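First comes the structure, then the notes that go with it.
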Amino acid sequence: MRVAVLTVSDRVAAGVVPGAGGSALCELLEGAGASLVSRAVVADEREPIAAALRAMAADAEVVLTTGGTGLGPRDVTPEATRAVLDREAPGIAEALRHASLAITPFAMLSRATAGLVGRTLVVNLPGNPKAVREEWTILAPVLAHAVETARGPVPDESHRRGR
């Protein structure tokens with residue numbers, strides 16, 4: 001599975017703090033045998049986030065974002081994501097929030113979303129590395145099936161061979 005990771009954070013983009021959420025996500029992806037095709041960091045600004053998502057979706061089957069999903073005035077990852085989605089997949093974000101609520105009541109403050117850009121699945125995850133690991137345990141088991149489903153059916157080409 002080809003995966004891209006986008007960290008959304010003013011402080012990480014400015015070099016003030018390391019991108020712990022993105023690093024945790026990359027470690028989890030490596031452990032799952034995924035192929036990391038790109039990794040980027042952008043500040044909490046709608047257009048740079050949307051542009052990065054569009055570019056990453058062109059090369060990946062899955063784009064995972066980390067950060068910018070809360071109630072803070074600069075948390076605009078969900079809005080930027082929705083601006084590029086062709087179709088939403090609300091069950092993914094709902095399942096991640098539901099599972100997180102069993103751990104912390106603060107999960108209800110998440111505005112994360114998920115959906116498809118063409119046939120590429122995009123999922124917003126929190127910026128906190130602990131929360132990334134917790135949500136990964138929910139997301140990981142369905143990713144391969146989600147990618148396969150988004151690809152669509154393999155065309156039956158037997159008619160081309162005269163069958």
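We name chains A, B, ... following the order of the structure tokens; residues begin at 1 in each chain, and ligands are numbered from 1 as shown.
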
Quiz item: Near region 101-113 of chain A, within 10 Å and counting only C-alpha atoms, which residues show up once chain neighbours fewer than 2 positions away are dropped, as a PyMOL selection string?
Solution: chain A and resi 65-72+75-79+81-82+85+88-99+115+122-126+131+134

Quiz item: Quick one: DSSP strand (DSSP E) residues in chain A, as number ranges by chain?
Solution: A: 2-8, 35-42, 62-66, 87-88, 114-117, 120-125

Exercise. Just the residues within 9 Å of Thr7 (chain A), please, counting only C-alpha atoms, with nothing from its chain fewer than 2 positions along; format it as a ChimeraX atom specification.
Key: /A:5,9,12-13,19,21-22,39-43,64-68,127

Exercise. Determine which residues of region 6-81 of chain A receive a DSSP assignment of helix (DSSP H, G or I), computed from the backbone, and state them as a PyMOL selection string.
Key: chain A and resi 10-13+20-31+46-57+77-81

Self-check item: 8 Å contact set for Leu25 (chain A), only C-alpha atoms, chain neighbours under 2 positions out, as a list in words
Solution: Val5, Gly21, Gly22, Ser23, Glu27, Leu28, Leu29, Pro129, Val132 and Arg133 of chain A

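One distance worth recording is that between CA of Ala51 (chain A) and CA of Val3 (chain A), which is 16.7 Å.
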
Exercise. Work out how far apart CA of Ala80 (chain A) and CA of Ala114 (chain A) are and give it in Å to one decimal.
Key: 11.4 Å

Quiz item: So how many Å separate CA of Val84 (chain A) and CA of Arg54 (chain A), to one decimal?
Solution: 6.9 Å
